[in-house]
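**Student:** Structure file coords.cif (mmCIF, C-alpha atoms and all ligand atoms) right here:
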```cif
data_start
loop_
_atom_site.label_atom_id
_atom_site.label_comp_id
_atom_site.auth_asym_id
_atom_site.auth_seq_id
_atom_site.Cartn_x
_atom_site.Cartn_y
_atom_site.Cartn_z
CA MET W 10 -7.41 31.85 -23.91
CA GLU W 11 -4.24 33.83 -23.13
CA THR W 12 -4.44 35.39 -19.63
CA ARG W 13 -2.05 37.63 -17.74
CA TYR W 14 -0.76 34.65 -15.73
CA SER W 15 -0.76 31.88 -18.31
CA ARG W 16 2.94 32.28 -19.13
CA PHE W 17 3.79 31.46 -15.49
CA ILE W 18 2.19 28.02 -15.66
CA PRO W 19 4.83 25.58 -16.86
CA PRO W 20 3.62 22.86 -19.17
CA ARG W 21 3.39 19.48 -17.38
CA ARG W 22 6.02 17.83 -19.53
CA GLU W 23 8.58 20.52 -18.70
CA LYS W 24 7.98 20.02 -14.99
CA THR W 25 8.79 16.32 -15.27
CA GLN W 26 11.98 17.13 -17.13
CA VAL W 27 13.06 19.78 -14.60
CA ASN W 28 12.71 17.24 -11.81
CA GLY W 29 14.65 14.72 -13.83
CA ASN W 30 11.72 12.54 -12.92
CA ARG W 31 11.49 10.04 -15.75
CA ARG W 32 8.84 7.45 -15.00
CA ILE W 33 10.50 4.09 -15.30
CA ALA W 34 8.57 0.83 -15.10
CA ILE W 35 10.20 -2.46 -14.22
CA TYR W 36 8.84 -5.55 -15.97
CA PRO W 37 10.24 -8.58 -14.13
CA GLY W 38 10.01 -12.19 -15.21
CA SER W 39 11.98 -15.13 -16.47
CA PHE W 40 11.01 -14.68 -20.15
CA ASP W 41 12.09 -18.22 -20.99
CA PRO W 42 11.41 -17.53 -23.82
CA LEU W 43 10.08 -14.02 -24.43
CA THR W 44 6.70 -14.38 -26.17
CA LEU W 45 4.46 -12.01 -28.12
CA GLY W 46 2.33 -11.89 -24.93
CA HIS W 47 5.28 -10.34 -23.05
CA ASP W 48 5.91 -8.00 -25.98
CA ASP W 49 2.26 -6.91 -25.92
CA ILE W 50 2.57 -5.97 -22.23
CA ILE W 51 5.86 -4.11 -22.84
CA ARG W 52 4.28 -2.02 -25.61
CA ARG W 53 1.31 -1.20 -23.42
CA ALA W 54 3.61 -0.26 -20.52
CA LEU W 55 5.49 2.14 -22.81
CA LYS W 56 2.26 4.14 -23.11
CA LEU W 57 2.28 4.69 -19.34
CA ALA W 58 5.99 5.05 -18.64
CA ASP W 59 8.91 6.88 -20.25
CA GLY W 60 10.96 3.71 -20.19
CA VAL W 61 10.63 0.03 -19.41
CA VAL W 62 13.37 -2.03 -17.80
CA ILE W 63 12.92 -5.74 -18.56
CA ALA W 64 14.40 -7.45 -15.51
CA VAL W 65 15.28 -10.99 -16.48
CA ALA W 66 15.51 -13.45 -13.62
CA GLU W 67 16.51 -17.07 -13.22
CA ARG W 68 13.49 -19.36 -13.52
CA THR W 69 12.48 -20.68 -10.13
CA THR W 70 9.59 -22.95 -11.10
CA LYS W 71 10.52 -26.47 -12.22
CA PRO W 72 14.28 -25.67 -12.24
CA LYS W 73 15.14 -29.12 -13.59
CA GLU W 74 13.37 -28.51 -16.89
CA PRO W 75 15.76 -27.53 -19.74
CA THR W 76 15.98 -23.78 -19.97
CA CYS W 77 17.74 -21.12 -21.98
CA PRO W 78 20.68 -19.84 -19.88
CA LEU W 79 20.00 -16.50 -18.21
CA LYS W 80 22.84 -14.67 -20.03
CA LYS W 81 21.62 -15.94 -23.38
CA ARG W 82 18.05 -14.84 -22.58
CA VAL W 83 19.29 -11.31 -21.80
CA GLU W 84 21.25 -11.33 -25.06
CA ILE W 85 18.27 -12.46 -27.16
CA ILE W 86 15.81 -10.02 -25.56
CA SER W 87 18.32 -7.16 -25.93
CA GLU W 88 18.45 -7.97 -29.61
CA VAL W 89 14.65 -7.96 -29.89
CA TYR W 90 14.55 -4.39 -28.49
CA ALA W 91 17.80 -3.14 -30.06
CA ASP W 92 15.92 -0.43 -31.96
CA GLU W 93 13.79 0.61 -29.00
CA PRO W 94 15.69 3.23 -26.97
CA SER W 95 13.03 3.27 -24.22
CA VAL W 96 13.50 -0.42 -23.44
CA GLU W 97 16.44 -1.69 -21.42
CA VAL W 98 17.15 -5.33 -20.68
CA VAL W 99 19.04 -6.34 -17.55
CA GLN W 100 19.79 -9.50 -15.64
CA PHE W 101 18.47 -9.42 -12.13
CA SER W 102 18.56 -11.47 -8.94
CA GLY W 103 17.59 -10.77 -5.36
CA LEU W 104 14.67 -8.75 -4.10
CA LEU W 105 12.67 -6.97 -6.77
CA VAL W 106 12.01 -3.94 -4.56
CA ASP W 107 15.76 -3.50 -3.95
CA PHE W 108 16.34 -3.61 -7.68
CA ALA W 109 13.52 -1.12 -8.34
CA ARG W 110 14.78 1.25 -5.64
CA ALA W 111 18.33 1.12 -7.01
CA ARG W 112 16.96 2.02 -10.45
CA GLY W 113 14.83 4.85 -9.05
CA ALA W 114 11.69 3.10 -10.33
CA ARG W 115 8.45 3.06 -8.38
CA LEU W 116 6.40 1.14 -10.89
CA ILE W 117 6.28 -2.60 -11.47
CA VAL W 118 4.33 -3.99 -14.40
CA ARG W 119 2.93 -7.51 -14.50
CA GLY W 120 0.73 -9.18 -17.05
CA LEU W 121 -2.55 -10.83 -16.10
CA ARG W 122 -3.86 -13.48 -18.43
CA ALA W 123 -6.60 -15.13 -16.45
CA VAL W 124 -8.07 -15.41 -13.00
CA SER W 125 -5.53 -18.17 -12.36
CA ASP W 126 -2.68 -15.60 -12.49
CA PHE W 127 -4.47 -13.33 -10.08
CA GLU W 128 -3.96 -14.94 -6.68
CA TYR W 129 -0.19 -15.28 -6.94
CA GLU W 130 0.24 -11.86 -8.55
CA PHE W 131 -1.91 -10.17 -5.92
CA GLN W 132 0.05 -11.79 -3.09
CA MET W 133 3.35 -10.74 -4.68
CA ALA W 134 2.13 -7.18 -5.18
CA LEU W 135 1.11 -6.84 -1.53
CA MET W 136 4.34 -8.42 -0.33
CA ASN W 137 6.41 -6.08 -2.46
CA ARG W 138 4.48 -3.10 -1.16
CA SER W 139 4.97 -4.17 2.42
CA LEU W 140 8.71 -4.39 1.70
CA TRP W 141 8.73 -0.92 0.08
CA PRO W 142 5.56 1.17 0.51
CA GLU W 143 6.59 3.53 -2.32
CA ILE W 144 6.22 0.85 -4.97
CA GLU W 145 3.10 0.51 -7.13
CA VAL W 146 2.29 -2.61 -9.10
CA ILE W 147 0.10 -2.35 -12.15
CA PHE W 148 -1.48 -5.32 -13.86
CA MET W 149 -2.09 -5.19 -17.56
CA ALA W 150 -4.22 -7.46 -19.71
CA PRO W 151 -2.78 -8.48 -23.09
CA ALA W 152 -4.65 -8.59 -26.39
CA THR W 153 -7.24 -11.38 -26.23
CA SER W 154 -5.27 -13.50 -28.69
CA TYR W 155 -2.39 -13.74 -26.20
CA THR W 156 -4.36 -14.62 -23.09
CA PHE W 157 -3.68 -18.33 -23.59
CA LEU W 158 0.03 -17.88 -24.29
CA SER W 159 2.75 -18.80 -21.80
CA SER W 160 6.49 -19.44 -22.01
CA SER W 161 6.00 -22.93 -20.62
CA LEU W 162 3.50 -23.79 -23.36
CA VAL W 163 5.91 -22.49 -26.01
CA ARG W 164 8.72 -24.60 -24.49
CA GLU W 165 6.49 -27.64 -24.42
CA VAL W 166 5.29 -27.31 -28.02
CA ALA W 167 8.84 -26.48 -29.25
CA SER W 168 10.36 -29.46 -27.46
CA LEU W 169 7.92 -31.68 -29.37
CA GLY W 170 8.91 -30.05 -32.67
CA GLY W 171 5.67 -28.02 -33.05
CA ASP W 172 5.47 -24.73 -34.94
CA VAL W 173 5.64 -21.79 -32.49
CA SER W 174 6.34 -19.07 -35.07
CA ALA W 175 3.02 -17.32 -34.32
CA PHE W 176 3.86 -16.92 -30.64
CA VAL W 177 7.36 -15.45 -30.40
CA PRO W 178 9.28 -12.57 -32.04
CA PRO W 179 11.43 -13.63 -35.06
CA ILE W 180 14.73 -13.25 -33.16
CA VAL W 181 13.48 -15.59 -30.42
CA LEU W 182 12.28 -18.02 -33.07
CA GLU W 183 15.78 -18.19 -34.56
CA TYR W 184 17.16 -19.21 -31.18
CA LEU W 185 14.43 -21.85 -30.77
CA VAL W 186 15.28 -23.23 -34.24
CA GLU W 187 18.93 -23.58 -33.17
CA TYR W 188 17.90 -25.29 -29.97
CA TYR W 189 14.97 -27.50 -31.05
CA GLY W 190 15.33 -27.75 -34.84
CA PRO W 191 13.59 -26.24 -37.92
CA GLY W 192 10.17 -27.75 -37.09
CA VAL W 193 9.52 -24.95 -34.54
CA ALA W 194 9.52 -22.46 -37.43
CA GLY W 195 7.21 -24.68 -39.49
CA ARG W 196 10.08 -25.47 -41.92
P1 LIG M 1 7.35 -15.59 -14.24
O1 LIG M 1 8.38 -16.64 -14.52
O2 LIG M 1 7.64 -14.65 -13.12
O3 LIG M 1 5.91 -16.07 -14.29
P2 LIG M 1 7.13 -14.85 -16.96
O4 LIG M 1 8.34 -14.58 -17.75
O5 LIG M 1 6.40 -16.08 -17.24
O6 LIG M 1 7.50 -14.63 -15.45
O7 LIG M 1 6.15 -13.63 -17.14
C1 LIG M 1 6.48 -12.32 -16.73
C2 LIG M 1 5.20 -11.55 -16.63
O8 LIG M 1 4.56 -11.57 -17.88
C3 LIG M 1 4.20 -12.11 -15.63
O9 LIG M 1 3.53 -11.02 -15.05
C4 LIG M 1 3.26 -12.91 -16.48
O10 LIG M 1 1.98 -12.97 -15.91
C5 LIG M 1 3.24 -12.06 -17.73
N1 LIG M 1 2.88 -12.81 -18.92
C6 LIG M 1 3.41 -13.96 -19.38
N2 LIG M 1 2.81 -14.36 -20.52
C7 LIG M 1 1.87 -13.42 -20.79
C8 LIG M 1 0.88 -13.26 -21.81
N3 LIG M 1 0.71 -14.15 -22.79
N4 LIG M 1 0.09 -12.19 -21.74
C9 LIG M 1 0.22 -11.30 -20.74
N5 LIG M 1 1.10 -11.39 -19.75
C10 LIG M 1 1.92 -12.44 -19.76
#
```
Can the structure in the file be given as structure tokens, please?

**Tutor:**
Amino acid sequence: METRYSRFIPPRREKTQVNGNRRIAIYPGSFDPLTLGHDDIIRRALKLADGVVIAVAERTTKPKEPTCPLKKRVEIISEVYADEPSVEVVQFSGLLVDFARARGARLIVRGLRAVSDFEYEFQMALMNRSLWPEIEVIFMAPATSYTFLSSSLVREVASLGGDVSAFVPPIVLEYLVEYYGPGVAGR
């Protein structure tokens, strides 16, 4: 109902714009390769944030295993989200909280697949918050069909020539075909 004062109450959206306060979420990871599980989390995060920055890092676990070079990963993922203006892809190294602060982002998104992810993720979240109390970490669960999916499993299956076309976006699949051969696309 229209009241005498209603015109003085700015709509919420306008207030955010006046403050220039776009809510940016950082989604960090190695994405080696980016899977449909990652994509699922990114799409969910876009419902909570105005923009998502995919922060692509060097892979620290099992560094001797063959890996897609960091620059190439950034290139491929940028191509995947080329038509998505709210998604930015950047290479990142160093402390995540420093990166987030420099980007003016107070939100970190991580995906949780199973209880096994929880302990490490929880520790990281608390560590990051002790480094920068302003930061919030949110954990998101993917669609059930992606809860078993991991980059390392995709790498393993692809390196043995198995078909991974159901697990990665088409642009990523093309790179995997170049790298491992046509078998990874079921050809
Ligand atoms: P890291 O190398 O730091 O584990 P990853 O690239 O493997 O990074 O993953 C980045 C984030 O995406 C992590 O929070 C991870 O838990 C999450 N993630 C990876 N695969 C999936 C998936 N299938 N469903 C949901 N979240 C996922």

**Student:** Nearest to ligand LIG 1 (chain M) among W:Glu130, W:Glu145, W:Glu187, W:Asp92, with distances taken over all atoms listed in the file: which residue is it?

**Tutor:**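 Distance minimum relative to ligand LIG 1 (chain M) lands on W:Glu130.
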
**Student:** Quick one: of W:Gly38, W:Val177, W:Val106, W:Leu158, who's nearest to Ser139 in chain W, counting only C-alpha atoms?

**Tutor:** W:Val106

**Student:** Given 6 Å on each side, where is the centre and what are the edge lengths in Å to one decimal of the axis-aligned box enclosing the listed atoms of ligand LIG 1 (chain M), as lines of an AutoDock Vina configuration file?

**Tutor:**
```
center_x = 4.2
center_y = -13.8
center_z = -18.0
size_x = 20.3
size_y = 17.6
size_z = 21.7
```

**Student:** One number please: atom C1 of ligand LIG 1 (chain M) to CA of Val99 in chain W, in Å, one decimal.

**Tutor:** 13.9 Å

**Student:** Just the residues within 8 Å of Leu116 in chain W, please, counting only C-alpha atoms, with nothing from its chain fewer than 3 positions along; format it as an MDAnalysis selection string.

**Tutor:** chainID W and resid 32:35 109 144:147

**Student:** Which residues of chain W sit at most 10 Å from ligand LIG 1 (chain M), using all atoms listed in the file? Give each one's shortest atom pair and distance in Å (one decimal place), in chain and ascending residue order, as a Markdown table.

**Tutor:**
```
| residue | atom | partner | partner_atom | distance |
| --- | --- | --- | --- | --- |
| W:Tyr36 | CA | M:LIG1 | C2 | 7.0 |
| W:Pro37 | CA | M:LIG1 | C1 | 5.9 |
| W:Gly38 | CA | M:LIG1 | O6 | 3.5 |
| W:Ser39 | CA | M:LIG1 | O4 | 3.9 |
| W:Phe40 | CA | M:LIG1 | O4 | 3.6 |
| W:Asp41 | CA | M:LIG1 | O4 | 6.1 |
| W:Pro42 | CA | M:LIG1 | O4 | 7.4 |
| W:Leu43 | CA | M:LIG1 | O4 | 6.9 |
| W:Thr44 | CA | M:LIG1 | N2 | 6.9 |
| W:Leu45 | CA | M:LIG1 | N3 | 6.9 |
| W:Gly46 | CA | M:LIG1 | N3 | 3.5 |
| W:His47 | CA | M:LIG1 | C7 | 5.1 |
| W:Asp48 | CA | M:LIG1 | N4 | 8.3 |
| W:Asp49 | CA | M:LIG1 | N4 | 7.1 |
| W:Ile50 | CA | M:LIG1 | C9 | 6.0 |
| W:Ile51 | CA | M:LIG1 | O8 | 9.1 |
| W:Ile63 | CA | M:LIG1 | C1 | 9.4 |
| W:Ala64 | CA | M:LIG1 | C1 | 9.4 |
| W:Val65 | CA | M:LIG1 | O4 | 7.9 |
| W:Ala66 | CA | M:LIG1 | O1 | 7.9 |
| W:Glu67 | CA | M:LIG1 | O1 | 8.2 |
| W:Arg68 | CA | M:LIG1 | O1 | 5.9 |
| W:Thr69 | CA | M:LIG1 | O1 | 7.2 |
| W:Thr70 | CA | M:LIG1 | O1 | 7.3 |
| W:Ile117 | CA | M:LIG1 | O9 | 9.6 |
| W:Val118 | CA | M:LIG1 | O9 | 7.1 |
| W:Arg119 | CA | M:LIG1 | O9 | 3.6 |
| W:Gly120 | CA | M:LIG1 | N5 | 3.5 |
| W:Leu121 | CA | M:LIG1 | O10 | 5.0 |
| W:Arg122 | CA | M:LIG1 | C9 | 5.2 |
| W:Ala123 | CA | M:LIG1 | O10 | 8.9 |
| W:Ser125 | CA | M:LIG1 | O10 | 9.8 |
| W:Asp126 | CA | M:LIG1 | O10 | 6.4 |
| W:Phe127 | CA | M:LIG1 | O10 | 8.7 |
| W:Tyr129 | CA | M:LIG1 | O10 | 9.5 |
| W:Glu130 | CA | M:LIG1 | O9 | 7.3 |
| W:Ile147 | CA | M:LIG1 | O9 | 9.8 |
| W:Phe148 | CA | M:LIG1 | O9 | 7.7 |
| W:Met149 | CA | M:LIG1 | C9 | 7.3 |
| W:Ala150 | CA | M:LIG1 | C9 | 6.0 |
| W:Pro151 | CA | M:LIG1 | C9 | 4.7 |
| W:Ala152 | CA | M:LIG1 | N4 | 7.6 |
| W:Thr153 | CA | M:LIG1 | N4 | 8.6 |
| W:Ser154 | CA | M:LIG1 | N3 | 8.4 |
| W:Tyr155 | CA | M:LIG1 | N3 | 4.6 |
| W:Thr156 | CA | M:LIG1 | N3 | 5.1 |
| W:Phe157 | CA | M:LIG1 | N3 | 6.1 |
| W:Leu158 | CA | M:LIG1 | N3 | 4.1 |
| W:Ser159 | CA | M:LIG1 | N2 | 4.6 |
| W:Ser160 | CA | M:LIG1 | O5 | 5.8 |
| W:Ser161 | CA | M:LIG1 | O5 | 7.6 |
| W:Leu162 | CA | M:LIG1 | N2 | 9.9 |
| W:Phe176 | CA | M:LIG1 | N3 | 8.9 |
```

**Student:** From the list W:Leu182, W:Ala111, W:Val96, W:Leu104, which residue is nearest Arg196 in chain W when using all atoms listed in the file?

**Tutor:**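 Result for the nearest residue to Arg196 in chain W: W:Leu182.
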
**Student:** Between CA of Pro142 in chain W and CA of Val98 in chain W, what distance in Å does the model show, to one decimal?

**Tutor:**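 If I compute the distance from CA of Pro142 in chain W to CA of Val98 in chain W, I get 25.0 Å.
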
**Student:** For a test of reading the model, state the distance in Å between CA of Ile180 in chain W and CA of Tyr90 in chain W, rounded to one decimal.

**Tutor:**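 These atoms are spaced 10.0 Å apart.
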
**Student:** Closest to Leu55 in chain W among W:Pro94, W:Asn137, W:Glu128, W:Asp172, using only C-alpha atoms?

**Tutor:** W:Pro94

**Student:** My structure is short of atoms at range 166-194 of chain W; please model N, CA and C atoms there, returning them as a PDB file, in the coordinates of the input.

**Tutor:**
```pdb
ATOM      1  N   VAL W 166       5.589 -27.069 -26.605  1.00  0.00           N
ATOM      2  CA  VAL W 166       5.290 -27.310 -28.020  1.00  0.00           C
ATOM      3  C   VAL W 166       6.604 -27.413 -28.812  1.00  0.00           C
ATOM      4  N   ALA W 167       7.554 -26.485 -28.526  1.00  0.00           N
ATOM      5  CA  ALA W 167       8.840 -26.480 -29.250  1.00  0.00           C
ATOM      6  C   ALA W 167       9.613 -27.773 -28.996  1.00  0.00           C
ATOM      7  N   SER W 168       9.583 -28.244 -27.765  1.00  0.00           N
ATOM      8  CA  SER W 168      10.360 -29.460 -27.460  1.00  0.00           C
ATOM      9  C   SER W 168       9.795 -30.669 -28.180  1.00  0.00           C
ATOM     10  N   LEU W 169       8.530 -30.585 -28.604  1.00  0.00           N
ATOM     11  CA  LEU W 169       7.920 -31.680 -29.370  1.00  0.00           C
ATOM     12  C   LEU W 169       7.996 -31.415 -30.876  1.00  0.00           C
ATOM     13  N   GLY W 170       8.708 -30.356 -31.249  1.00  0.00           N
ATOM     14  CA  GLY W 170       8.910 -30.050 -32.670  1.00  0.00           C
ATOM     15  C   GLY W 170       7.750 -29.305 -33.311  1.00  0.00           C
ATOM     16  N   GLY W 171       6.829 -28.757 -32.500  1.00  0.00           N
ATOM     17  CA  GLY W 171       5.670 -28.020 -33.050  1.00  0.00           C
ATOM     18  C   GLY W 171       6.045 -26.615 -33.486  1.00  0.00           C
ATOM     19  N   ASP W 172       5.230 -26.067 -34.384  1.00  0.00           N
ATOM     20  CA  ASP W 172       5.470 -24.730 -34.940  1.00  0.00           C
ATOM     21  C   ASP W 172       5.026 -23.639 -33.937  1.00  0.00           C
ATOM     22  N   VAL W 173       5.981 -22.849 -33.462  1.00  0.00           N
ATOM     23  CA  VAL W 173       5.640 -21.790 -32.490  1.00  0.00           C
ATOM     24  C   VAL W 173       5.863 -20.398 -33.093  1.00  0.00           C
ATOM     25  N   SER W 174       5.987 -20.348 -34.434  1.00  0.00           N
ATOM     26  CA  SER W 174       6.340 -19.070 -35.070  1.00  0.00           C
ATOM     27  C   SER W 174       5.306 -17.969 -34.841  1.00  0.00           C
ATOM     28  N   ALA W 175       4.054 -18.348 -34.530  1.00  0.00           N
ATOM     29  CA  ALA W 175       3.020 -17.320 -34.320  1.00  0.00           C
ATOM     30  C   ALA W 175       3.057 -16.754 -32.903  1.00  0.00           C
ATOM     31  N   PHE W 176       3.926 -17.287 -32.063  1.00  0.00           N
ATOM     32  CA  PHE W 176       3.860 -16.920 -30.640  1.00  0.00           C
ATOM     33  C   PHE W 176       5.071 -16.161 -30.101  1.00  0.00           C
ATOM     34  N   VAL W 177       6.144 -16.113 -30.887  1.00  0.00           N
ATOM     35  CA  VAL W 177       7.360 -15.450 -30.400  1.00  0.00           C
ATOM     36  C   VAL W 177       7.907 -14.492 -31.458  1.00  0.00           C
ATOM     37  N   PRO W 178       8.673 -13.463 -31.040  1.00  0.00           N
ATOM     38  CA  PRO W 178       9.280 -12.570 -32.040  1.00  0.00           C
ATOM     39  C   PRO W 178      10.295 -13.346 -32.892  1.00  0.00           C
ATOM     40  N   PRO W 179      10.540 -12.907 -34.142  1.00  0.00           N
ATOM     41  CA  PRO W 179      11.430 -13.630 -35.060  1.00  0.00           C
ATOM     42  C   PRO W 179      12.811 -13.946 -34.472  1.00  0.00           C
ATOM     43  N   ILE W 180      13.384 -13.018 -33.722  1.00  0.00           N
ATOM     44  CA  ILE W 180      14.730 -13.250 -33.160  1.00  0.00           C
ATOM     45  C   ILE W 180      14.697 -14.407 -32.150  1.00  0.00           C
ATOM     46  N   VAL W 181      13.633 -14.484 -31.382  1.00  0.00           N
ATOM     47  CA  VAL W 181      13.480 -15.590 -30.420  1.00  0.00           C
ATOM     48  C   VAL W 181      13.291 -16.896 -31.180  1.00  0.00           C
ATOM     49  N   LEU W 182      12.531 -16.817 -32.269  1.00  0.00           N
ATOM     50  CA  LEU W 182      12.280 -18.020 -33.070  1.00  0.00           C
ATOM     51  C   LEU W 182      13.590 -18.598 -33.603  1.00  0.00           C
ATOM     52  N   GLU W 183      14.478 -17.712 -34.035  1.00  0.00           N
ATOM     53  CA  GLU W 183      15.780 -18.190 -34.560  1.00  0.00           C
ATOM     54  C   GLU W 183      16.529 -18.978 -33.497  1.00  0.00           C
ATOM     55  N   TYR W 184      16.494 -18.490 -32.271  1.00  0.00           N
ATOM     56  CA  TYR W 184      17.160 -19.210 -31.180  1.00  0.00           C
ATOM     57  C   TYR W 184      16.476 -20.574 -30.968  1.00  0.00           C
ATOM     58  N   LEU W 185      15.161 -20.596 -31.001  1.00  0.00           N
ATOM     59  CA  LEU W 185      14.430 -21.850 -30.770  1.00  0.00           C
ATOM     60  C   LEU W 185      14.725 -22.858 -31.887  1.00  0.00           C
ATOM     61  N   VAL W 186      14.912 -22.352 -33.116  1.00  0.00           N
ATOM     62  CA  VAL W 186      15.280 -23.230 -34.240  1.00  0.00           C
ATOM     63  C   VAL W 186      16.633 -23.886 -33.962  1.00  0.00           C
ATOM     64  N   GLU W 187      17.589 -23.049 -33.507  1.00  0.00           N
ATOM     65  CA  GLU W 187      18.930 -23.580 -33.170  1.00  0.00           C
ATOM     66  C   GLU W 187      18.832 -24.659 -32.100  1.00  0.00           C
ATOM     67  N   TYR W 188      17.979 -24.429 -31.149  1.00  0.00           N
ATOM     68  CA  TYR W 188      17.900 -25.290 -29.970  1.00  0.00           C
ATOM     69  C   TYR W 188      17.066 -26.555 -30.221  1.00  0.00           C
ATOM     70  N   TYR W 189      15.899 -26.368 -30.886  1.00  0.00           N
ATOM     71  CA  TYR W 189      14.970 -27.500 -31.050  1.00  0.00           C
ATOM     72  C   TYR W 189      14.884 -28.045 -32.471  1.00  0.00           C
ATOM     73  N   GLY W 190      15.402 -27.288 -33.449  1.00  0.00           N
ATOM     74  CA  GLY W 190      15.330 -27.750 -34.840  1.00  0.00           C
ATOM     75  C   GLY W 190      14.322 -26.945 -35.664  1.00  0.00           C
ATOM     76  N   PRO W 191      14.367 -27.099 -37.013  1.00  0.00           N
ATOM     77  CA  PRO W 191      13.590 -26.240 -37.920  1.00  0.00           C
ATOM     78  C   PRO W 191      12.070 -26.387 -37.803  1.00  0.00           C
ATOM     79  N   GLY W 192      11.615 -27.512 -37.232  1.00  0.00           N
ATOM     80  CA  GLY W 192      10.170 -27.750 -37.090  1.00  0.00           C
ATOM     81  C   GLY W 192       9.470 -26.634 -36.318  1.00  0.00           C
ATOM     82  N   VAL W 193      10.162 -25.998 -35.377  1.00  0.00           N
ATOM     83  CA  VAL W 193       9.520 -24.950 -34.540  1.00  0.00           C
ATOM     84  C   VAL W 193       9.176 -23.716 -35.353  1.00  0.00           C
ATOM     85  N   ALA W 194       9.834 -23.595 -36.557  1.00  0.00           N
ATOM     86  CA  ALA W 194       9.520 -22.460 -37.430  1.00  0.00           C
ATOM     87  C   ALA W 194       8.619 -22.914 -38.573  1.00  0.00           C
TER      88      ALA W 194
END
```
